[in-house]
Every structure is written in C-alpha cells, then in structure tokens.
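Data from protein.csv: CSV, C-alpha atoms (C1' of nucleotides)
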```
chain,number,residue,atom,x,y,z
A,2,MET,CA,127.2,59.7,163.2
A,3,GLY,CA,130.2,57.6,163.5
A,4,GLN,CA,127.9,55.6,163.4
A,5,SER,CA,125.4,53.0,162.8
A,6,SER,CA,123.6,51.9,159.6
A,7,ARG,CA,120.2,52.0,161.3
A,8,PHE,CA,119.2,55.2,159.5
A,9,PRO,CA,119.8,54.0,155.9
A,10,LEU,CA,118.2,50.7,156.9
A,11,ALA,CA,115.1,52.4,158.3
A,12,VAL,CA,114.8,54.5,155.1
A,13,HIS,CA,115.1,51.4,153.0
A,14,VAL,CA,112.3,49.6,155.0
A,15,LEU,CA,110.0,52.6,154.8
A,16,VAL,CA,110.5,53.0,151.0
A,17,ALA,CA,109.8,49.3,150.6
A,18,LEU,CA,106.6,49.6,152.6
A,19,SER,CA,105.5,52.6,150.6
A,20,PHE,CA,105.1,50.5,147.5
A,21,ARG,CA,102.5,48.3,149.2
A,22,PRO,CA,100.8,50.7,151.6
A,23,LYS,CA,97.8,48.4,152.3
A,24,ASP,CA,99.6,45.2,153.0
A,25,PHE,CA,101.3,43.9,156.1
A,26,ILE,CA,104.8,42.8,155.1
A,27,SER,CA,106.7,40.3,157.3
A,28,SER,CA,110.1,41.2,158.8
A,29,ASP,CA,111.3,38.1,157.1
A,30,SER,CA,110.5,39.5,153.6
A,31,LEU,CA,112.0,42.8,154.6
A,32,SER,CA,115.2,41.2,155.8
A,33,GLY,CA,115.6,39.9,152.3
A,34,THR,CA,115.7,43.3,150.7
A,35,VAL,CA,117.8,45.0,153.3
A,36,HIS,CA,120.0,41.9,153.5
A,37,THR,CA,120.2,41.3,157.2
A,38,ASN,CA,118.6,39.4,160.0
A,39,PRO,CA,114.8,39.6,160.7
A,40,VAL,CA,115.5,40.5,164.3
A,41,VAL,CA,117.6,43.5,163.2
A,42,VAL,CA,114.7,44.6,161.0
A,43,ARG,CA,112.3,44.3,163.9
A,44,ARG,CA,114.6,46.3,166.2
A,45,VAL,CA,114.6,49.2,163.7
A,46,VAL,CA,110.9,48.8,163.1
A,47,ALA,CA,110.3,49.0,166.8
A,48,SER,CA,111.8,52.6,166.7
A,49,LEU,CA,109.6,53.5,163.8
A,50,ARG,CA,106.5,52.1,165.5
A,51,ARG,CA,107.2,54.1,168.7
A,52,ALA,CA,107.5,57.2,166.4
A,53,GLY,CA,104.1,56.4,164.9
A,54,PHE,CA,105.4,55.8,161.3
A,55,VAL,CA,104.4,52.2,161.0
A,56,ILE,CA,101.9,49.7,162.5
A,57,SER,CA,102.7,46.1,163.1
A,58,GLN,CA,100.5,43.2,163.6
A,59,PRO,CA,101.4,39.7,165.1
A,60,GLY,CA,100.0,36.4,163.9
A,61,VAL,CA,99.6,34.7,160.6
A,62,ALA,CA,99.5,37.2,157.8
A,63,GLY,CA,100.9,39.7,160.2
A,64,GLY,CA,103.8,42.1,159.6
A,65,VAL,CA,104.3,45.8,159.2
A,66,ARG,CA,102.7,48.6,157.1
A,67,LEU,CA,102.9,52.4,157.0
A,68,ALA,CA,100.8,54.3,159.5
A,69,LYS,CA,101.0,57.5,157.5
A,70,LEU,CA,101.6,58.7,154.0
A,71,ALA,CA,105.2,58.4,152.7
A,72,ARG,CA,104.9,62.0,151.7
A,73,ARG,CA,104.4,62.9,155.3
A,74,ILE,CA,107.5,61.2,156.7
A,75,SER,CA,110.7,63.2,156.3
A,76,LEU,CA,114.2,61.9,156.5
A,77,LEU,CA,114.7,64.0,159.6
A,78,ASP,CA,111.8,62.3,161.2
A,79,VAL,CA,113.4,59.0,160.5
A,80,TYR,CA,116.8,60.2,161.6
A,81,ARG,CA,115.5,61.3,164.9
A,82,ALA,CA,113.5,58.1,165.4
A,83,VAL,CA,116.4,55.7,165.0
A,84,GLY,CA,119.4,58.0,165.6
A,85,ARG,CA,121.3,58.9,168.6
A,86,GLY,CA,120.4,62.6,168.5
A,87,GLU,CA,123.7,64.3,169.1
A,88,LEU,CA,126.0,64.7,166.1
A,89,PHE,CA,128.9,65.7,168.3
A,90,ARG,CA,130.2,64.0,171.4
A,91,MET,CA,131.8,66.3,174.0
A,92,HIS,CA,135.0,65.6,175.8
A,93,ASN,CA,135.5,66.4,179.4
A,94,PRO,CA,137.5,69.6,179.8
A,95,ASN,CA,139.1,70.6,183.1
A,96,ARG,CA,136.7,73.1,184.7
A,97,ALA,CA,139.5,74.3,187.0
A,98,CYS,CA,141.3,75.7,184.0
A,99,PRO,CA,140.1,79.1,182.8
A,100,ILE,CA,140.2,77.9,179.2
A,101,GLY,CA,138.7,74.5,179.9
A,102,LYS,CA,135.9,76.1,181.9
A,103,ARG,CA,134.7,78.1,178.9
A,104,ILE,CA,135.2,75.6,176.1
A,105,PRO,CA,131.8,73.9,176.4
A,106,ALA,CA,129.9,77.2,176.2
A,107,ALA,CA,132.0,78.3,173.2
A,108,LEU,CA,131.4,75.1,171.3
A,109,ALA,CA,127.7,75.3,172.2
A,110,GLU,CA,127.7,78.6,170.4
A,111,PHE,CA,128.7,77.1,167.0
A,112,LEU,CA,128.2,73.3,166.8
A,113,PRO,CA,124.4,73.3,167.2
A,114,LYS,CA,124.3,75.7,164.2
A,115,ALA,CA,126.0,73.0,162.0
A,116,GLU,CA,123.6,70.4,163.4
A,117,ARG,CA,120.6,72.5,162.5
A,118,ALA,CA,121.9,73.1,159.0
A,119,PHE,CA,122.2,69.3,158.6
A,120,GLU,CA,118.7,68.7,160.0
A,121,ARG,CA,117.1,71.4,157.8
A,122,SER,CA,118.4,69.6,154.8
A,123,LEU,CA,117.1,66.2,155.9
A,124,ALA,CA,113.7,67.8,156.8
A,125,GLY,CA,113.3,68.8,153.1
A,126,VAL,CA,113.2,65.3,151.8
A,127,ALA,CA,110.3,62.8,152.3
A,128,ILE,CA,110.3,59.0,152.1
A,129,GLU,CA,108.2,59.5,148.9
A,130,ASP,CA,111.0,61.5,147.3
A,131,VAL,CA,113.4,58.6,147.9
A,132,ALA,CA,110.8,56.1,146.6
A,133,ARG,CA,110.5,58.1,143.4
A,134,LYS,CA,114.2,57.6,142.7
A,135,VAL,CA,113.9,53.9,143.5
A,136,TRP,CA,110.9,53.1,141.3
A,137,PRO,CA,109.8,56.0,139.1
A,138,ALA,CA,107.3,53.9,137.2
A,139,PHE,CA,105.3,53.4,140.4
A,140,PHE,CA,104.4,57.1,140.4
A,141,ALA,CA,104.0,57.4,136.6
A,142,THR,CA,100.2,57.5,136.7
A,143,LYS,CA,100.0,59.9,139.6
B,7,MET,CA,129.7,61.0,164.7
B,8,GLY,CA,128.7,58.0,166.8
B,9,GLN,CA,131.4,58.9,167.4
B,10,SER,CA,134.5,60.2,169.1
B,11,SER,CA,135.4,63.2,171.2
B,12,ARG,CA,138.5,63.9,169.1
B,13,PHE,CA,137.0,66.8,167.3
B,14,PRO,CA,136.0,68.9,170.4
B,15,LEU,CA,139.4,67.9,171.9
B,16,ALA,CA,141.3,69.1,168.8
B,17,VAL,CA,139.4,72.4,168.9
B,18,HIS,CA,140.1,72.8,172.6
B,19,VAL,CA,143.9,72.3,171.9
B,20,LEU,CA,144.0,74.7,169.0
B,21,VAL,CA,142.1,77.4,171.0
B,22,ALA,CA,144.6,76.9,173.9
B,23,LEU,CA,147.6,77.2,171.5
B,24,SER,CA,146.1,80.3,169.9
B,25,PHE,CA,146.6,82.2,173.2
B,26,ARG,CA,150.3,81.7,173.1
B,27,PRO,CA,151.1,81.5,169.4
B,28,LYS,CA,154.9,81.9,169.8
B,29,ASP,CA,155.5,79.4,172.5
B,30,PHE,CA,155.9,75.6,172.3
B,31,ILE,CA,153.4,74.1,174.8
B,32,SER,CA,154.0,70.6,176.1
B,33,SER,CA,151.4,67.9,175.6
B,34,ASP,CA,151.6,67.5,179.4
B,35,SER,CA,150.3,71.0,180.0
B,36,LEU,CA,147.7,70.5,177.3
B,37,SER,CA,146.5,67.3,178.9
B,38,GLY,CA,145.8,69.4,182.0
B,39,THR,CA,143.3,71.7,180.2
B,40,VAL,CA,141.6,69.0,178.2
B,41,HIS,CA,141.6,66.7,181.2
B,42,THR,CA,143.0,63.5,179.6
B,43,ASN,CA,146.2,61.6,179.0
B,44,PRO,CA,149.3,63.3,177.3
B,45,VAL,CA,149.4,60.4,174.8
B,46,VAL,CA,145.8,61.0,173.8
B,47,VAL,CA,146.7,64.7,173.2
B,48,ARG,CA,149.7,63.7,171.1
B,49,ARG,CA,147.5,61.4,169.1
B,50,VAL,CA,145.2,64.2,168.2
B,51,VAL,CA,148.1,66.6,167.7
B,52,ALA,CA,149.6,64.1,165.3
B,53,SER,CA,146.5,64.5,163.0
B,54,LEU,CA,146.7,68.3,163.3
B,55,ARG,CA,150.4,68.2,162.4
B,56,ARG,CA,149.8,66.0,159.4
B,57,ALA,CA,147.2,68.6,158.3
B,58,GLY,CA,149.7,71.4,158.7
B,59,PHE,CA,147.9,73.2,161.5
B,60,VAL,CA,150.6,72.8,164.2
B,61,ILE,CA,154.3,72.3,164.4
B,62,SER,CA,155.8,70.2,167.2
B,63,GLN,CA,159.4,70.1,168.5
B,64,PRO,CA,161.0,67.4,170.5
B,65,GLY,CA,163.5,67.9,173.3
B,66,VAL,CA,163.7,70.1,176.4
B,67,ALA,CA,161.5,73.2,176.0
B,68,GLY,CA,159.8,71.3,173.1
B,69,GLY,CA,156.0,71.0,172.5
B,70,VAL,CA,153.5,72.2,170.1
B,71,ARG,CA,152.6,75.6,168.5
B,72,LEU,CA,150.3,76.8,165.8
B,73,ALA,CA,151.7,76.7,162.2
B,74,LYS,CA,149.1,79.1,160.9
B,75,LEU,CA,146.9,81.9,162.1
B,76,ALA,CA,143.9,80.8,164.2
B,77,ARG,CA,141.8,82.9,161.8
B,78,ARG,CA,142.9,80.7,159.0
B,79,ILE,CA,141.8,77.4,160.5
B,80,SER,CA,138.2,76.6,160.2
B,81,LEU,CA,136.2,74.1,162.2
B,82,LEU,CA,135.7,72.2,159.0
B,83,ASP,CA,139.4,71.9,158.5
B,84,VAL,CA,139.7,70.5,162.0
B,85,TYR,CA,136.7,68.2,161.6
B,86,ARG,CA,138.3,66.7,158.4
B,87,ALA,CA,141.7,66.4,160.0
B,88,VAL,CA,140.6,64.4,163.0
B,89,GLY,CA,137.2,63.0,161.8
B,90,ARG,CA,136.2,60.0,160.0
B,91,GLY,CA,134.8,61.8,157.0
B,92,GLU,CA,131.5,60.1,156.3
B,93,LEU,CA,128.5,61.3,158.3
B,94,PHE,CA,126.4,58.4,157.3
B,95,ARG,CA,127.3,54.7,157.3
B,96,MET,CA,125.6,52.6,154.6
B,97,HIS,CA,124.0,49.3,155.2
B,98,ASN,CA,124.4,46.5,152.6
B,99,PRO,CA,121.2,46.1,150.6
B,100,ASN,CA,120.4,43.0,148.5
B,101,ARG,CA,121.4,43.9,145.0
B,102,ALA,CA,119.3,41.0,143.7
B,103,CYS,CA,116.2,42.8,144.9
B,104,PRO,CA,114.9,45.5,142.5
B,105,ILE,CA,114.3,47.8,145.5
B,106,GLY,CA,117.6,47.1,147.2
B,107,LYS,CA,119.5,47.5,144.0
B,108,ARG,CA,118.4,51.1,143.7
B,109,ILE,CA,118.5,52.2,147.3
B,110,PRO,CA,122.2,53.3,147.3
B,111,ALA,CA,121.8,55.6,144.4
B,112,ALA,CA,118.6,57.0,145.8
B,113,LEU,CA,120.3,57.8,149.1
B,114,ALA,CA,123.3,59.2,147.3
B,115,GLU,CA,120.9,61.7,145.8
B,116,PHE,CA,119.9,63.2,149.1
B,117,LEU,CA,122.3,62.4,152.0
B,118,PRO,CA,125.4,64.2,150.6
B,119,LYS,CA,123.3,67.4,150.4
B,120,ALA,CA,122.8,67.2,154.2
B,121,GLU,CA,126.4,66.5,154.7
B,122,ARG,CA,127.4,69.5,152.6
B,123,ALA,CA,125.0,71.8,154.6
B,124,PHE,CA,126.7,70.6,157.7
B,125,GLU,CA,130.1,71.2,156.3
B,126,ARG,CA,129.3,74.7,155.0
B,127,SER,CA,128.2,75.7,158.5
B,128,LEU,CA,131.5,74.4,160.0
B,129,ALA,CA,133.5,76.1,157.3
B,130,GLY,CA,132.1,79.5,158.4
B,131,VAL,CA,133.7,79.3,161.8
B,132,ALA,CA,137.4,79.7,162.6
B,133,ILE,CA,139.4,78.7,165.6
B,134,GLU,CA,139.7,82.4,166.4
B,135,ASP,CA,136.0,82.8,166.6
B,136,VAL,CA,135.9,80.1,169.2
B,137,ALA,CA,138.8,81.6,171.0
B,138,ARG,CA,137.0,85.0,171.2
B,139,LYS,CA,134.1,83.3,173.1
B,140,VAL,CA,136.6,81.6,175.5
B,141,TRP,CA,138.7,84.7,176.3
B,142,PRO,CA,137.2,87.9,175.0
B,143,ALA,CA,139.7,90.1,176.8
B,144,PHE,CA,142.6,88.6,174.9
B,145,PHE,CA,141.2,90.3,171.8
B,146,ALA,CA,140.1,93.5,173.5
B,147,THR,CA,143.0,95.6,172.1
B,148,LYS,CA,142.8,94.2,168.6
C,12,DT,C1',90.7,23.6,169.4
C,13,DA,C1',95.3,22.6,167.5
C,14,DG,C1',99.0,24.1,164.7
C,15,DA,C1',101.3,27.3,162.0
C,16,DT,C1',103.0,31.9,161.4
C,17,DT,C1',104.5,36.1,163.0
C,18,DC,C1',105.8,39.8,166.3
C,19,DG,C1',108.4,41.6,170.5
C,20,DT,C1',112.0,41.3,173.3
C,21,DA,C1',115.6,39.4,176.1
C,22,DA,C1',120.1,37.2,176.2
C,23,DC,C1',124.4,36.2,174.4
C,24,DC,C1',128.5,36.5,171.3
C,25,DT,C1',131.6,38.9,168.3
C,26,DC,C1',133.7,42.8,166.2
C,27,DG,C1',135.5,47.4,165.6
C,28,DG,C1',136.7,51.8,167.4
C,29,DT,C1',138.2,54.8,171.2
C,30,DA,C1',140.4,56.1,175.5
C,31,DG,C1',143.7,55.2,178.7
C,32,DT,C1',148.2,53.4,180.0
C,33,DT,C1',153.1,51.9,179.7
C,34,DG,C1',157.3,51.6,177.5
C,35,DC,C1',161.0,53.0,174.7
C,36,DA,C1',163.9,55.1,171.0
C,37,DG,C1',165.0,59.6,169.2
C,38,DT,C1',165.8,64.8,169.8
C,39,DT,C1',167.2,68.9,172.1
C,40,DC,C1',169.1,71.8,175.7
C,41,DG,C1',172.0,73.0,179.7
D,20,DC,C1',175.9,63.2,180.2
D,21,DG,C1',171.2,63.8,182.1
D,22,DA,C1',166.7,65.9,182.0
D,23,DA,C1',162.6,66.9,179.5
D,24,DC,C1',160.4,66.5,175.7
D,25,DT,C1',158.1,64.1,171.2
D,26,DG,C1',156.5,60.0,168.3
D,27,DC,C1',155.0,55.7,168.1
D,28,DA,C1',154.0,50.9,169.1
D,29,DA,C1',151.6,47.7,172.1
D,30,DC,C1',148.4,46.4,175.3
D,31,DT,C1',144.1,46.6,178.0
D,32,DA,C1',139.3,48.0,179.1
D,33,DC,C1',135.1,49.5,177.5
D,34,DC,C1',131.2,50.5,174.7
D,35,DG,C1',127.9,50.3,171.0
D,36,DA,C1',126.3,47.7,166.9
D,37,DG,C1',125.0,43.8,164.3
D,38,DG,C1',124.1,38.9,164.2
D,39,DT,C1',121.9,34.9,166.3
D,40,DT,C1',119.0,32.0,169.2
D,41,DA,C1',115.2,31.4,172.1
D,42,DC,C1',110.7,32.0,173.9
D,43,DG,C1',106.2,34.0,175.2
D,44,DA,C1',102.2,36.2,173.1
D,45,DA,C1',99.0,37.2,169.4
D,46,DT,C1',96.5,35.8,165.4
D,47,DC,C1',94.7,33.2,161.6
D,48,DT,C1',93.2,28.7,159.4
D,49,DA,C1',92.0,24.1,159.0
```

Spell out the structure here as structure tokens.
Amino acid sequence: MGQSSRFPLAVHVLVALSFRPKDFISSDSLSGTVHTNPVVVRRVVASLRRAGFVISQPGVAGGVRLAKLARRISLLDVYRAVGRGELFRMHNPNRACPIGKRIPAALAEFLPKAERAFERSLAGVAIEDVARKVWPAFFATK
Amino acid sequence: MGQSSRFPLAVHVLVALSFRPKDFISSDSLSGTVHTNPVVVRRVVASLRRAGFVISQPGVAGGVRLAKLARRISLLDVYRAVGRGELFRMHNPNRACPIGKRIPAALAEFLPKAERAFERSLAGVAIEDVARKVWPAFFATK
DNA sequence: TAGATTCGTAACCTCGGTAGTTGCAGTTCG
DNA sequence: CGAACTGCAACTACCGAGGTTACGAATCTA
C-alpha cells in the first residue's frame, strides 16, 4: 500500500466497537483510543458506513455502532472498504516499442495472482479474531 | 504500495535487458521503452545494481547489462530491491488505552501472514517468465 | 422551545514521497 | 582531446494523507 494508515485505523475502530455492540460510541471517544483527530475517525467511519459495517447516529448520545456481527466482517472487507484497491501502480510504457507494448499484458498475467494470494489471506480473518487477541477475557464465557 | 511505479518499471527494464544479455544498453535507450526520463531509469537501475542484478559501465559504449540469468531473478527479488518493504503502514494507537495497547500485537498476528502470502506468489515468478510473455519467439528455439 | 451534543462534510495547511529535469564530475573509447 | 556514457546531487512540481477549523443538520433533554 505504500500507503496509508487508514486500514489499521479502521480495524482498530471496529474492534473497539465490537466490545460494546449495543452502544453508540462517539467519534470523540474513538479518537482517544486510536490517538488521532475525531474528524479523521469520522472520515474512516464514513467508508465503513458506506460499506454497511457500521451505523451512525447524530445528536446527543449519538455516535457509531456495528451494523453486523464482528464475526461477519473480514479484514478483506475492511481493506476493500477503506483501501485504494490496487496493490501495484503501473508505469506508462511506450506502446510504440515492441517490448513496451506487451509489458502491461505480461504483468497482468502475474501480479493479480499475488494480489489474490494477499486477499485470500485477509479474507480468512474476521474482526472478531482480532478482538480475541486484544481482549481474550471478553470471550471467556462464550 | 500507495505507492510508486518503480517496481513495474524495474521489471520492464530487466525484461528488456534479458533480450540482449551480452550488450550494455544505455539508460537513454531504456528510457525510450519505459517512456520516461533517463535519470529516472538510472535511479531504478541504481537499486538493481546494489542488489546485484545488473552491472553498469560508464564511458562510450557503456550502459547496463544483466549480472545474472533472468531465470534466477524473481519478482520478489525485484520488489524487495526497489520497494519500500512494508505492505501495511501502522497508525499510532494510544498505549494508555487498554484496547489501543494491544492492537499492534493483534495486528502483528495476522497482517504478516497476508504479506507472506503475497511474497510467496511473487517469489514463484522469474523475470524470464515475464519475458516469455513479452516475446515468445525469443525462446522458441530453447 | 432553547441549548447542548454529535455527526457529516467542506475547506485549508502541512508534510513526505515520487517523477521529472538540469547540471556536473568521473570514466571510457576512438 | 572530445564524444558518449554513468552516478549523483539539487531543485521543482505534484499528489495523497493526516491534522485542523468551521459550519449546517440532526437529536436529545431540561
């Protein structure tokens, strides 16, 4: 990803919400845990809301809560919701050159395979799995 | 990778060099195929040289050539030589918060697995494999 | 109803990384 | 010596991300 810290931040937020699934948590509280600005949290939450993972509510006692079970949200879901999609950025080869002309197709033969391997791995982990590592006692009685 | 186009550019250069393994090719010619500035090419080549994949020679009739067989250079080798290493960038959770304190370790449990799956896939492809897709006839007699 | 609280979003600044460009010293060959 | 290269430093332009402020809209409570 070169990239941005939005994905770990989104996972952090979802894990935090998973410990109080019935309550609306304010972006101000969340910004405390993730150690950043409330607006930055709301920007990430906006992506998660568009993806249907959380519901937010304005007004006093408003905030954010999970819209589905933590067990049903995979890290790949989150990655796609907040990420930029492409793992590789292409350059712009010279199409007039016989080599340059065929480079894009040749790379398209191999790079997506690596991307899919990456995504399969993320798809096998749910937010709940991360939450279990963070606070094992929360799941002790289940 | 959020990223940069240095990796596809490096692969492009190595594939081009693989078709004339005995000749020194100037960064000026290479900049034609990859469709960019000679200095940008030399910057990428500098990483490849430090990694031991190419040898460059100054002076008239100078340039760059492969230092090892295209079959012996994997896409993972190239990725590591020109890339930034980390696929994920961490945020900075609040260590004073019981959740924030444990998030890094929890993520470290799962994200490296995805990274390794990605790398294993790249490790299985060599520059020569890409070159075969680009110019099959070059390998027809082999 | 008034006021407090919270969200959503736009606007702006800053910072870091990348590509593109120029310039120049050093190397090699004819 | 001069031409054709590399290697590298320096500078600019640009883009995306994070941080911040601001404001309208929604919601609850006194």

Contact residues (chain C, partner chain A, 6 Å, all atoms listed in the file) as a ChimeraX atom specification
/C:16-18

Keeping C-alpha atoms (C1' of nucleotides), export the residues of the selection given above as a PDB file, keeping the file's coordinate frame.
```pdb
ATOM      1  C1'  DT C  16     103.000  31.900 161.400  1.00  0.00           C
ATOM      2  C1'  DT C  17     104.500  36.100 163.000  1.00  0.00           C
ATOM      3  C1'  DC C  18     105.800  39.800 166.300  1.00  0.00           C
TER       4       DC C  18
END
```

Could I get chain B fitted onto chain A (least squares, all C-alpha atoms, in order) as a compact mmCIF listing (two decimals) with C-alpha atoms, in the coordinates of the input?
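Heads up, here's the output in part_11.txt:
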```txt
# COMPACT_ATOMS: atom_id res chain seq x y z
CA MET B 7 127.21 59.16 163.18
CA GLY B 8 130.29 57.09 164.00
CA GLN B 9 127.89 55.46 163.83
CA SER B 10 125.30 52.89 162.87
CA SER B 11 123.62 51.77 159.69
CA ARG B 12 120.18 51.94 161.30
CA PHE B 13 119.19 55.10 159.59
CA PRO B 14 119.79 53.95 155.94
CA LEU B 15 118.17 50.61 156.95
CA ALA B 16 115.07 52.37 158.35
CA VAL B 17 114.77 54.42 155.16
CA HIS B 18 115.17 51.32 153.02
CA VAL B 19 112.27 49.62 155.00
CA LEU B 20 109.97 52.60 154.79
CA VAL B 21 110.60 52.98 151.00
CA ALA B 22 109.84 49.22 150.57
CA LEU B 23 106.59 49.54 152.62
CA SER B 24 105.56 52.62 150.65
CA PHE B 25 105.17 50.43 147.52
CA ARG B 26 102.54 48.33 149.13
CA PRO B 27 100.87 50.68 151.59
CA LYS B 28 97.82 48.43 152.27
CA ASP B 29 99.57 45.20 152.89
CA PHE B 30 101.27 43.87 156.05
CA ILE B 31 104.82 42.81 155.02
CA SER B 32 106.67 40.32 157.18
CA SER B 33 110.01 41.23 158.71
CA ASP B 34 111.27 38.06 156.97
CA SER B 35 110.55 39.46 153.53
CA LEU B 36 112.00 42.79 154.59
CA SER B 37 115.18 41.16 155.78
CA GLY B 38 115.55 39.84 152.23
CA THR B 39 115.67 43.35 150.66
CA VAL B 40 117.83 44.93 153.31
CA HIS B 41 120.03 41.85 153.42
CA THR B 42 120.19 41.26 157.21
CA ASN B 43 118.56 39.35 160.02
CA PRO B 44 114.69 39.54 160.64
CA VAL B 45 115.41 40.45 164.29
CA VAL B 46 117.57 43.38 163.24
CA VAL B 47 114.66 44.58 161.01
CA ARG B 48 112.22 44.23 163.90
CA ARG B 49 114.55 46.21 166.08
CA VAL B 50 114.53 49.08 163.69
CA VAL B 51 110.81 48.68 163.04
CA ALA B 52 110.26 48.89 166.77
CA SER B 53 111.72 52.48 166.76
CA LEU B 54 109.58 53.40 163.73
CA ARG B 55 106.48 52.05 165.48
CA ARG B 56 107.21 53.96 168.65
CA ALA B 57 107.46 57.08 166.44
CA GLY B 58 104.12 56.34 164.85
CA PHE B 59 105.41 55.76 161.34
CA VAL B 60 104.38 52.07 161.01
CA ILE B 61 101.84 49.74 162.46
CA SER B 62 102.70 46.07 163.00
CA GLN B 63 100.37 43.08 163.49
CA PRO B 64 101.23 39.77 164.97
CA GLY B 65 99.89 36.42 163.83
CA VAL B 66 99.51 34.65 160.48
CA ALA B 67 99.40 37.18 157.62
CA GLY B 68 100.85 39.71 160.15
CA GLY B 69 103.77 42.14 159.50
CA VAL B 70 104.31 45.75 159.12
CA ARG B 71 102.64 48.60 157.11
CA LEU B 72 102.93 52.33 156.95
CA ALA B 73 100.77 54.31 159.47
CA LYS B 74 101.07 57.52 157.52
CA LEU B 75 101.62 58.72 154.00
CA ALA B 76 105.21 58.37 152.73
CA ARG B 77 104.94 62.06 151.78
CA ARG B 78 104.41 62.89 155.38
CA ILE B 79 107.54 61.24 156.73
CA SER B 80 110.68 63.17 156.37
CA LEU B 81 114.22 61.88 156.55
CA LEU B 82 114.65 63.99 159.63
CA ASP B 83 111.78 62.27 161.31
CA VAL B 84 113.41 58.94 160.54
CA TYR B 85 116.87 60.12 161.58
CA ARG B 86 115.45 61.22 165.02
CA ALA B 87 113.47 58.04 165.44
CA VAL B 88 116.36 55.66 164.96
CA GLY B 89 119.39 57.97 165.63
CA ARG B 90 121.24 58.91 168.62
CA GLY B 91 120.40 62.58 168.45
CA GLU B 92 123.67 64.35 169.10
CA LEU B 93 125.98 64.84 166.11
CA PHE B 94 128.88 65.80 168.23
CA ARG B 95 130.20 64.08 171.37
CA MET B 96 131.82 66.39 173.94
CA HIS B 97 135.06 65.71 175.64
CA ASN B 98 135.46 66.56 179.36
CA PRO B 99 137.54 69.71 179.76
CA ASN B 100 139.19 70.74 183.06
CA ARG B 101 136.83 73.19 184.62
CA ALA B 102 139.64 74.38 186.91
CA CYS B 103 141.44 75.74 183.87
CA PRO B 104 140.22 79.19 182.72
CA ILE B 105 140.37 77.96 179.09
CA GLY B 106 138.72 74.63 179.73
CA LYS B 107 136.02 76.19 181.81
CA ARG B 108 134.82 78.21 178.85
CA ILE B 109 135.26 75.75 176.04
CA PRO B 110 131.79 74.10 176.37
CA ALA B 111 129.93 77.31 176.08
CA ALA B 112 132.09 78.44 173.21
CA LEU B 113 131.37 75.24 171.31
CA ALA B 114 127.71 75.45 172.18
CA GLU B 115 127.74 78.75 170.33
CA PHE B 116 128.73 77.24 167.03
CA LEU B 117 128.21 73.44 166.80
CA PRO B 118 124.38 73.42 167.17
CA LYS B 119 124.20 75.78 164.16
CA ALA B 120 125.89 73.06 162.04
CA GLU B 121 123.63 70.48 163.45
CA ARG B 122 120.56 72.55 162.62
CA ALA B 123 121.79 73.08 158.98
CA PHE B 124 122.10 69.36 158.72
CA GLU B 125 118.69 68.79 160.12
CA ARG B 126 117.00 71.39 157.89
CA SER B 127 118.40 69.62 154.83
CA LEU B 128 117.02 66.24 156.05
CA ALA B 129 113.69 67.79 156.87
CA GLY B 130 113.26 68.83 153.20
CA VAL B 131 113.20 65.28 151.98
CA ALA B 132 110.36 62.78 152.40
CA ILE B 133 110.29 59.05 152.14
CA GLU B 134 108.29 59.49 148.95
CA ASP B 135 111.00 61.48 147.35
CA VAL B 136 113.37 58.64 147.96
CA ALA B 137 110.86 56.17 146.73
CA ARG B 138 110.47 58.12 143.43
CA LYS B 139 114.24 57.68 142.76
CA VAL B 140 113.98 53.90 143.53
CA TRP B 141 110.91 53.17 141.37
CA PRO B 142 109.92 56.05 139.15
CA ALA B 143 107.34 54.03 137.26
CA PHE B 144 105.31 53.42 140.38
CA PHE B 145 104.50 57.13 140.35
CA ALA B 146 104.13 57.48 136.60
CA THR B 147 100.30 57.68 136.68
CA LYS B 148 100.12 60.02 139.64
```

Under the rule that all atoms listed in the file are counted, which of A:Leu18, A:Val42, A:Ala124, A:Ile74 is the nearest residue to chain D?
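Looking at the shortest contact to chain D, the residue is A:Val42.
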
Choose the residue, out of B:Val40, B:Ala73, B:Val84, B:Ala120, that has the smallest atom-to-atom separation from Ala97 in chain A; count all atoms listed in the file.
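Once distances to Ala97 in chain A are computed over all atoms listed in the file, the minimum belongs to B:Val40.
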
With a cut-off of 10 Å and counting only C-alpha atoms (C1' of nucleotides), select all residues of chain D in contact with chain B and give the selection as number ranges by chain.
D: 22-27, 35

Determine, using all atoms listed in the file, which residues of chain B have any atom at most 7 Å from an atom of chain A, and tabulate each with its shortest atom pair and distance in Å to one decimal place, rows ordered by chain and then rising number, as a Markdown table.
```
| residue | atom | partner | partner_atom | distance |
| --- | --- | --- | --- | --- |
| B:Met7 | CA | A:Met2 | CA | 3.2 |
| B:Gly8 | CA | A:Gly3 | CA | 3.6 |
| B:Gln9 | CA | A:Gly3 | CA | 4.3 |
| B:Ser10 | CA | A:Arg90 | CA | 6.2 |
| B:Ser11 | CA | A:His92 | CA | 5.2 |
| B:Pro14 | CA | A:Met91 | CA | 6.1 |
| B:Leu15 | CA | A:His92 | CA | 6.3 |
| B:His18 | CA | A:Ile104 | CA | 6.6 |
| B:Ala22 | CA | A:Ile100 | CA | 7.0 |
| B:Gly38 | CA | A:Asn95 | CA | 6.9 |
| B:Thr39 | CA | A:Asn95 | CA | 5.2 |
| B:Val40 | CA | A:Pro94 | CA | 4.4 |
| B:His41 | CA | A:Asn95 | CA | 5.0 |
| B:Leu93 | CA | A:Met2 | CA | 5.3 |
| B:Phe94 | CA | A:Met2 | CA | 6.1 |
| B:Arg95 | CA | A:Ser6 | CA | 5.2 |
| B:Met96 | CA | A:Ser6 | CA | 5.4 |
| B:His97 | CA | A:Ser6 | CA | 5.1 |
| B:Asn98 | CA | A:His36 | CA | 6.4 |
| B:Pro99 | CA | A:Val35 | CA | 4.5 |
| B:Asn100 | CA | A:His36 | CA | 5.1 |
| B:Cys103 | CA | A:Thr34 | CA | 5.8 |
| B:Ile105 | CA | A:Val135 | CA | 6.4 |
| B:Gly106 | CA | A:Thr34 | CA | 5.5 |
| B:Arg108 | CA | A:Val135 | CA | 5.3 |
| B:Ile109 | CA | A:Val135 | CA | 6.2 |
| B:Ala112 | CA | A:Lys134 | CA | 5.4 |
| B:Lys119 | CA | A:Ser122 | CA | 6.9 |
| B:Ala120 | CA | A:Phe119 | CA | 4.9 |
| B:Glu121 | CA | A:Phe119 | CA | 6.4 |
| B:Ala123 | CA | A:Phe119 | CA | 5.5 |
| B:Phe124 | CA | A:Phe119 | CA | 4.8 |
| B:Ser127 | CA | A:Ala115 | CA | 4.9 |
| B:Leu128 | CA | A:Ala115 | CA | 6.0 |
| B:Val136 | CA | A:Ala107 | CA | 5.9 |
| B:Lys139 | CA | A:Ala107 | CA | 5.4 |
| B:Val140 | CA | A:Arg103 | CA | 5.2 |
```

For CA of Asn38 in chain A and CA of Leu70 in chain A, the interatomic separation in Å (one decimal)
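A separation of 26.4 Å between them.
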